[in-house]
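Shown next, in structure tokens, is the structure this report addresses.
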Amino acid sequence: MPSVRICVLFGIISLPWLLSGCGGSATQSFIAKDEPWRSSEERACLAAGVVRESPYIKTKLSLGGPSACGAEQPFELAAVRNGNVMLKPVAYLRCPMIPQVNLWVREVIEPAALRYYNSPLTELRIAGSYSCRPINHAFGAVLSEHGHANALDVSGFVLANGKTVSVKKGWRGDKRDQAFLREVRAGACHHFTTVLSPNYDRNHHDHFHVDLARRGKDGLRTVCK
């Protein structure tokens, strides 16, 4: 599969990504592969109309970054479940991710919140969504799913009673928090092709990473750790 090495210059955060050469400490290099499935999958999702603009979903013209990054029609997602569960800060995602996040919340997180805490879920704490960077920020690694707006990092869950369940504190903390977080992680594995938790490595000690990457020759291999 063809690939190209791209170097990204990090400047002021408010500025868009800029292409640069590969020299100097201010650059971060990644390998971007030619993956036609991404465009066809995204276009099919858009054509199906499963994601529509609303007070909580806005289309974005661009996410910035080199041509290897971003999505054909990205969205800004501020809430799911018809506005009942907020995402803070907002997440920038491609079309196929949005219905899966909604299903994860509806079928897994909301029932678990009621079961363990007898309180509705009101908010997801977002640690990351779109970011034009290599996996784990490792210089020269493959472009992260975050670079395709195809991943979401969630660091906590806020309930209507005011309680916040933090992945960092709860994963090995209070027994009830542990049980809730493990159920949320296990349920995510039914809705995403990649789910990484604090059990995976240090880079994920304080959040859950979920994405819809395709792996293996048939694209069906999943990772749930």
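Numbering starts fresh at 1 for the residues of each chain in the structure tokens, the chains themselves are lettered A, B, ... in the order given, and ligands are numbered from 1 as they appear.
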### Message
Using DSSP assignments from the backbone, pull out every residue in range 71-175 of chain A that falls under helix (DSSP H, G or I) and give it to me as a PyMOL selection string.
### Response
chain A and resi 97-117+135-137+145-148+167-170+175
May I have the residues from that selection written out with N, CA and C atoms, as a tab-separated table (two decimals), in the first residue's frame?
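Dumped to part_9.tsv:
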chain	number	residue	atom	x	y	z
A	97	MET	N	-18.60	8.12	12.67
A	97	MET	CA	-18.38	8.06	14.11
A	97	MET	C	-19.60	8.50	14.91
A	98	ILE	N	-20.37	9.44	14.39
A	98	ILE	CA	-21.43	10.08	15.18
A	98	ILE	C	-22.54	9.12	15.58
A	99	PRO	N	-23.10	8.30	14.67
A	99	PRO	CA	-24.12	7.35	15.13
A	99	PRO	C	-23.60	6.32	16.10
A	100	GLN	N	-22.31	5.97	15.99
A	100	GLN	CA	-21.75	4.99	16.92
A	100	GLN	C	-21.59	5.57	18.32
A	101	VAL	N	-21.20	6.83	18.41
A	101	VAL	CA	-21.13	7.49	19.71
A	101	VAL	C	-22.51	7.54	20.34
A	102	ASN	N	-23.50	7.87	19.52
A	102	ASN	CA	-24.88	7.95	20.02
A	102	ASN	C	-25.36	6.59	20.54
A	103	LEU	N	-25.05	5.53	19.80
A	103	LEU	CA	-25.45	4.18	20.23
A	103	LEU	C	-24.73	3.76	21.50
A	104	TRP	N	-23.45	4.08	21.59
A	104	TRP	CA	-22.67	3.77	22.81
A	104	TRP	C	-23.31	4.42	24.02
A	105	VAL	N	-23.67	5.67	23.88
A	105	VAL	CA	-24.31	6.39	24.98
A	105	VAL	C	-25.66	5.77	25.32
A	106	ARG	N	-26.48	5.56	24.30
A	106	ARG	CA	-27.85	5.08	24.52
A	106	ARG	C	-27.91	3.65	25.05
A	107	GLU	N	-27.12	2.77	24.46
A	107	GLU	CA	-27.24	1.35	24.78
A	107	GLU	C	-26.32	0.88	25.90
A	108	VAL	N	-25.29	1.67	26.21
A	108	VAL	CA	-24.31	1.22	27.20
A	108	VAL	C	-24.18	2.18	28.38
A	109	ILE	N	-23.80	3.43	28.10
A	109	ILE	CA	-23.44	4.34	29.19
A	109	ILE	C	-24.65	4.78	29.99
A	110	GLU	N	-25.73	5.17	29.32
A	110	GLU	CA	-26.91	5.60	30.06
A	110	GLU	C	-27.48	4.50	30.95
A	111	PRO	N	-27.68	3.27	30.46
A	111	PRO	CA	-28.17	2.20	31.35
A	111	PRO	C	-27.22	1.91	32.50
A	112	ALA	N	-25.90	1.98	32.25
A	112	ALA	CA	-24.92	1.71	33.32
A	112	ALA	C	-24.98	2.81	34.38
A	113	ALA	N	-25.15	4.06	33.96
A	113	ALA	CA	-25.24	5.16	34.92
A	113	ALA	C	-26.44	4.98	35.84
A	114	LEU	N	-27.57	4.57	35.28
A	114	LEU	CA	-28.76	4.33	36.10
A	114	LEU	C	-28.59	3.12	37.01
A	115	ARG	N	-27.93	2.10	36.49
A	115	ARG	CA	-27.75	0.87	37.27
A	115	ARG	C	-26.82	1.09	38.47
A	116	TYR	N	-25.73	1.77	38.26
A	116	TYR	CA	-24.73	1.91	39.32
A	116	TYR	C	-24.95	3.13	40.21
A	117	TYR	N	-25.56	4.19	39.66
A	117	TYR	CA	-25.66	5.43	40.43
A	117	TYR	C	-27.09	5.96	40.56
A	135	ILE	N	0.27	8.50	15.67
A	135	ILE	CA	-0.22	7.73	16.80
A	135	ILE	C	0.65	8.01	18.03
A	136	ASN	N	0.00	8.32	19.14
A	136	ASN	CA	0.67	8.60	20.41
A	136	ASN	C	1.71	9.71	20.30
A	137	HIS	N	1.57	10.59	19.30
A	137	HIS	CA	2.50	11.71	19.09
A	137	HIS	C	3.92	11.22	18.81
A	145	GLU	N	-5.79	7.78	13.95
A	145	GLU	CA	-7.19	7.89	13.55
A	145	GLU	C	-7.76	9.26	13.94
A	146	HIS	N	-7.16	9.89	14.95
A	146	HIS	CA	-7.56	11.25	15.29
A	146	HIS	C	-7.33	12.20	14.11
A	147	GLY	N	-6.31	11.93	13.32
A	147	GLY	CA	-6.01	12.76	12.17
A	147	GLY	C	-7.04	12.65	11.06
A	148	HIS	N	-7.86	11.59	11.11
A	148	HIS	CA	-8.93	11.41	10.14
A	148	HIS	C	-10.29	11.77	10.74
A	167	VAL	N	-12.12	8.55	34.46
A	167	VAL	CA	-11.40	7.34	34.06
A	167	VAL	C	-10.09	7.23	34.84
A	168	LYS	N	-9.39	8.34	34.98
A	168	LYS	CA	-8.10	8.34	35.68
A	168	LYS	C	-8.24	7.91	37.13
A	169	LYS	N	-9.21	8.47	37.84
A	169	LYS	CA	-9.36	8.18	39.26
A	169	LYS	C	-10.18	6.92	39.51
A	170	GLY	N	-11.14	6.66	38.64
A	170	GLY	CA	-12.07	5.58	38.91
A	170	GLY	C	-11.64	4.21	38.44
A	175	LYS	N	-14.92	0.84	44.09
A	175	LYS	CA	-15.37	-0.40	43.45
A	175	LYS	C	-16.53	-0.16	42.49
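With only C-alpha atoms as the basis for measurement, A:Ala91 is the residue among A:Ala91, A:Met86, A:Ala71, A:Leu124 that approaches Lys58 in chain A most closely.
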### Message
Please determine, counting only C-alpha atoms, which residue among A:Ala47, A:Ala149, A:Ala68, A:Val90 has the shortest atom-to-atom distance to Ala213 in chain A.
### Response
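So, comparing all the options, the nearest one is A:Ala149.
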### Query
Using only C-alpha atoms, which of A:Asp174, A:Glu123, A:Glu72, A:Asp211 sits nearest Ser144 in chain A?
A:Asp211
### Query
Which residue gives the smallest distance to Asn118 in chain A among A:Asn82, A:Ser39, A:Ser131, A:Asn161, with only C-alpha atoms counted?
A:Asn161
#### Entry: Pairwise distance for CA of Ala32 in chain A and CA of Val195 in chain A, rounded to one decimal in Å
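If I compute the distance from CA of Ala32 in chain A to CA of Val195 in chain A, I get 21.5 Å.
Using only C-alpha atoms, the nearest neighbour of Ala188 in chain A within the list A:Cys95, A:Leu63, A:Ala160, A:Val223 is A:Val223.
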### Task
Just the residues within 8 Å of Cys224 in chain A, please, counting only C-alpha atoms, with nothing from its chain fewer than 3 positions along; format it as a ChimeraX atom specification.
/A:186,189,193-196
### Nearby residues (only C-alpha atoms) at most 9 Å from Pro198 in chain A, same-chain spacing under 2 positions excluded, as a PyMOL selection string
chain A and resi 167-168+171+196+200-208+225
For the residues selected in the previous step, produce a file with all heavy atoms as a tab-separated table (two decimals), in the first residue's frame.
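Contents of the output file result.tsv:
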chain	number	residue	atom	x	y	z
A	167	VAL	N	-12.12	8.55	34.46
A	167	VAL	CA	-11.40	7.34	34.06
A	167	VAL	C	-10.09	7.23	34.84
A	167	VAL	O	-9.73	6.16	35.33
A	167	VAL	CB	-11.13	7.34	32.54
A	167	VAL	CG1	-10.27	6.13	32.15
A	167	VAL	CG2	-12.44	7.33	31.77
A	168	LYS	N	-9.39	8.34	34.98
A	168	LYS	CA	-8.10	8.34	35.68
A	168	LYS	C	-8.24	7.91	37.13
A	168	LYS	O	-7.48	7.06	37.61
A	168	LYS	CB	-7.48	9.73	35.60
A	168	LYS	CG	-6.12	9.84	36.26
A	168	LYS	CD	-5.55	11.24	36.08
A	168	LYS	CE	-4.16	11.36	36.72
A	168	LYS	NZ	-3.60	12.72	36.52
A	171	TRP	N	-10.73	4.13	37.48
A	171	TRP	CA	-10.37	2.84	36.91
A	171	TRP	C	-9.83	1.89	37.98
A	171	TRP	O	-10.12	0.69	37.96
A	171	TRP	CB	-9.35	3.01	35.79
A	171	TRP	CG	-9.09	1.75	35.03
A	171	TRP	CD1	-7.99	0.95	35.09
A	171	TRP	CD2	-9.97	1.13	34.08
A	171	TRP	NE1	-8.12	-0.12	34.24
A	171	TRP	CE2	-9.33	-0.03	33.61
A	171	TRP	CE3	-11.24	1.46	33.59
A	171	TRP	CZ2	-9.91	-0.88	32.67
A	171	TRP	CZ3	-11.82	0.61	32.65
A	171	TRP	CH2	-11.16	-0.54	32.21
A	196	LEU	N	-9.46	1.38	23.55
A	196	LEU	CA	-8.27	1.32	24.38
A	196	LEU	C	-8.55	1.98	25.71
A	196	LEU	O	-9.11	3.08	25.76
A	196	LEU	CB	-7.09	2.00	23.68
A	196	LEU	CG	-6.74	1.48	22.28
A	196	LEU	CD1	-5.60	2.30	21.68
A	196	LEU	CD2	-6.38	0.00	22.32
A	200	TYR	N	-4.43	-0.72	28.60
A	200	TYR	CA	-3.64	-0.87	27.39
A	200	TYR	C	-2.21	-0.37	27.56
A	200	TYR	O	-1.25	-1.13	27.38
A	200	TYR	CB	-4.32	-0.13	26.23
A	200	TYR	CG	-3.58	-0.24	24.92
A	200	TYR	CD1	-3.33	-1.48	24.36
A	200	TYR	CD2	-3.14	0.90	24.25
A	200	TYR	CE1	-2.65	-1.58	23.15
A	200	TYR	CE2	-2.48	0.81	23.05
A	200	TYR	CZ	-2.22	-0.43	22.50
A	200	TYR	OH	-1.54	-0.54	21.32
A	201	ASP	N	-2.03	0.91	27.90
A	201	ASP	CA	-0.69	1.44	28.12
A	201	ASP	C	-0.79	2.78	28.87
A	201	ASP	O	-1.89	3.26	29.16
A	201	ASP	CB	0.09	1.61	26.81
A	201	ASP	CG	-0.55	2.62	25.85
A	201	ASP	OD1	-1.46	3.37	26.28
A	201	ASP	OD2	-0.14	2.66	24.68
A	202	ARG	N	0.36	3.36	29.17
A	202	ARG	CA	0.40	4.62	29.91
A	202	ARG	C	-0.27	5.76	29.18
A	202	ARG	O	-0.82	6.67	29.80
A	202	ARG	CB	1.86	5.01	30.20
A	202	ARG	CG	2.54	4.15	31.26
A	202	ARG	CD	3.92	4.71	31.54
A	202	ARG	NE	4.62	3.96	32.57
A	202	ARG	CZ	5.83	4.27	33.01
A	202	ARG	NH1	6.47	5.32	32.50
A	202	ARG	NH2	6.40	3.54	33.95
A	203	ASN	N	-0.22	5.73	27.86
A	203	ASN	CA	-0.81	6.81	27.08
A	203	ASN	C	-2.32	6.90	27.26
A	203	ASN	O	-2.93	7.93	26.96
A	203	ASN	CB	-0.49	6.63	25.60
A	203	ASN	CG	0.98	6.81	25.30
A	203	ASN	OD1	1.60	7.78	25.73
A	203	ASN	ND2	1.56	5.87	24.56
A	204	HIS	N	-2.92	5.82	27.76
A	204	HIS	CA	-4.37	5.79	27.92
A	204	HIS	C	-4.76	5.63	29.40
A	204	HIS	O	-5.85	5.14	29.70
A	204	HIS	CB	-4.96	4.66	27.08
A	204	HIS	CG	-4.71	4.82	25.62
A	204	HIS	ND1	-3.52	4.42	25.02
A	204	HIS	CD2	-5.45	5.39	24.63
A	204	HIS	CE1	-3.56	4.72	23.74
A	204	HIS	NE2	-4.71	5.30	23.46
A	205	HIS	N	-3.91	6.09	30.30
A	205	HIS	CA	-4.18	5.92	31.73
A	205	HIS	C	-5.34	6.76	32.22
A	205	HIS	O	-5.89	6.48	33.29
A	205	HIS	CB	-2.92	6.28	32.55
A	205	HIS	CG	-2.65	7.76	32.61
A	205	HIS	ND1	-2.10	8.47	31.55
A	205	HIS	CD2	-2.86	8.67	33.59
A	205	HIS	CE1	-1.98	9.74	31.89
A	205	HIS	NE2	-2.44	9.90	33.10
A	206	ASP	N	-5.74	7.78	31.45
A	206	ASP	CA	-6.76	8.70	31.95
A	206	ASP	C	-7.95	8.87	31.00
A	206	ASP	O	-8.74	9.80	31.15
A	206	ASP	CB	-6.14	10.07	32.23
A	206	ASP	CG	-5.50	10.71	31.00
A	206	ASP	OD1	-5.47	10.05	29.93
A	206	ASP	OD2	-5.04	11.86	31.11
A	207	HIS	N	-8.08	7.98	30.01
A	207	HIS	CA	-9.21	8.10	29.09
A	207	HIS	C	-9.47	6.81	28.34
A	207	HIS	O	-8.63	5.92	28.31
A	207	HIS	CB	-8.97	9.24	28.09
A	207	HIS	CG	-7.87	8.96	27.11
A	207	HIS	ND1	-6.54	9.23	27.39
A	207	HIS	CD2	-7.89	8.45	25.86
A	207	HIS	CE1	-5.80	8.90	26.35
A	207	HIS	NE2	-6.59	8.41	25.41
A	208	PHE	N	-10.65	6.73	27.75
A	208	PHE	CA	-10.98	5.68	26.80
A	208	PHE	C	-10.80	6.24	25.39
A	208	PHE	O	-11.30	7.31	25.07
A	208	PHE	CB	-12.43	5.21	26.94
A	208	PHE	CG	-12.75	4.53	28.23
A	208	PHE	CD1	-14.02	4.66	28.80
A	208	PHE	CD2	-11.83	3.74	28.88
A	208	PHE	CE1	-14.34	4.03	29.99
A	208	PHE	CE2	-12.13	3.10	30.07
A	208	PHE	CZ	-13.39	3.24	30.63
A	225	LYS	N	-9.04	-3.43	24.37
A	225	LYS	CA	-8.10	-3.65	25.47
A	225	LYS	C	-8.31	-2.62	26.57
A	225	LYS	O	-8.69	-1.51	26.31
A	225	LYS	CB	-6.65	-3.55	24.96
A	225	LYS	CG	-6.30	-4.64	23.94
A	225	LYS	CD	-4.86	-4.54	23.53
A	225	LYS	CE	-4.48	-5.63	22.53
A	225	LYS	NZ	-3.06	-5.56	22.12
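For the atom pair formed by CA of Ser54 in chain A and CA of Arg185 in chain A, the distance is 28.2 Å, given to one decimal.
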### Task
Could you check how far CA of Arg52 in chain A sits from CA of Leu77 in chain A, in Å to one decimal?
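Going from CA of Arg52 in chain A over to CA of Leu77 in chain A covers 10.9 Å.
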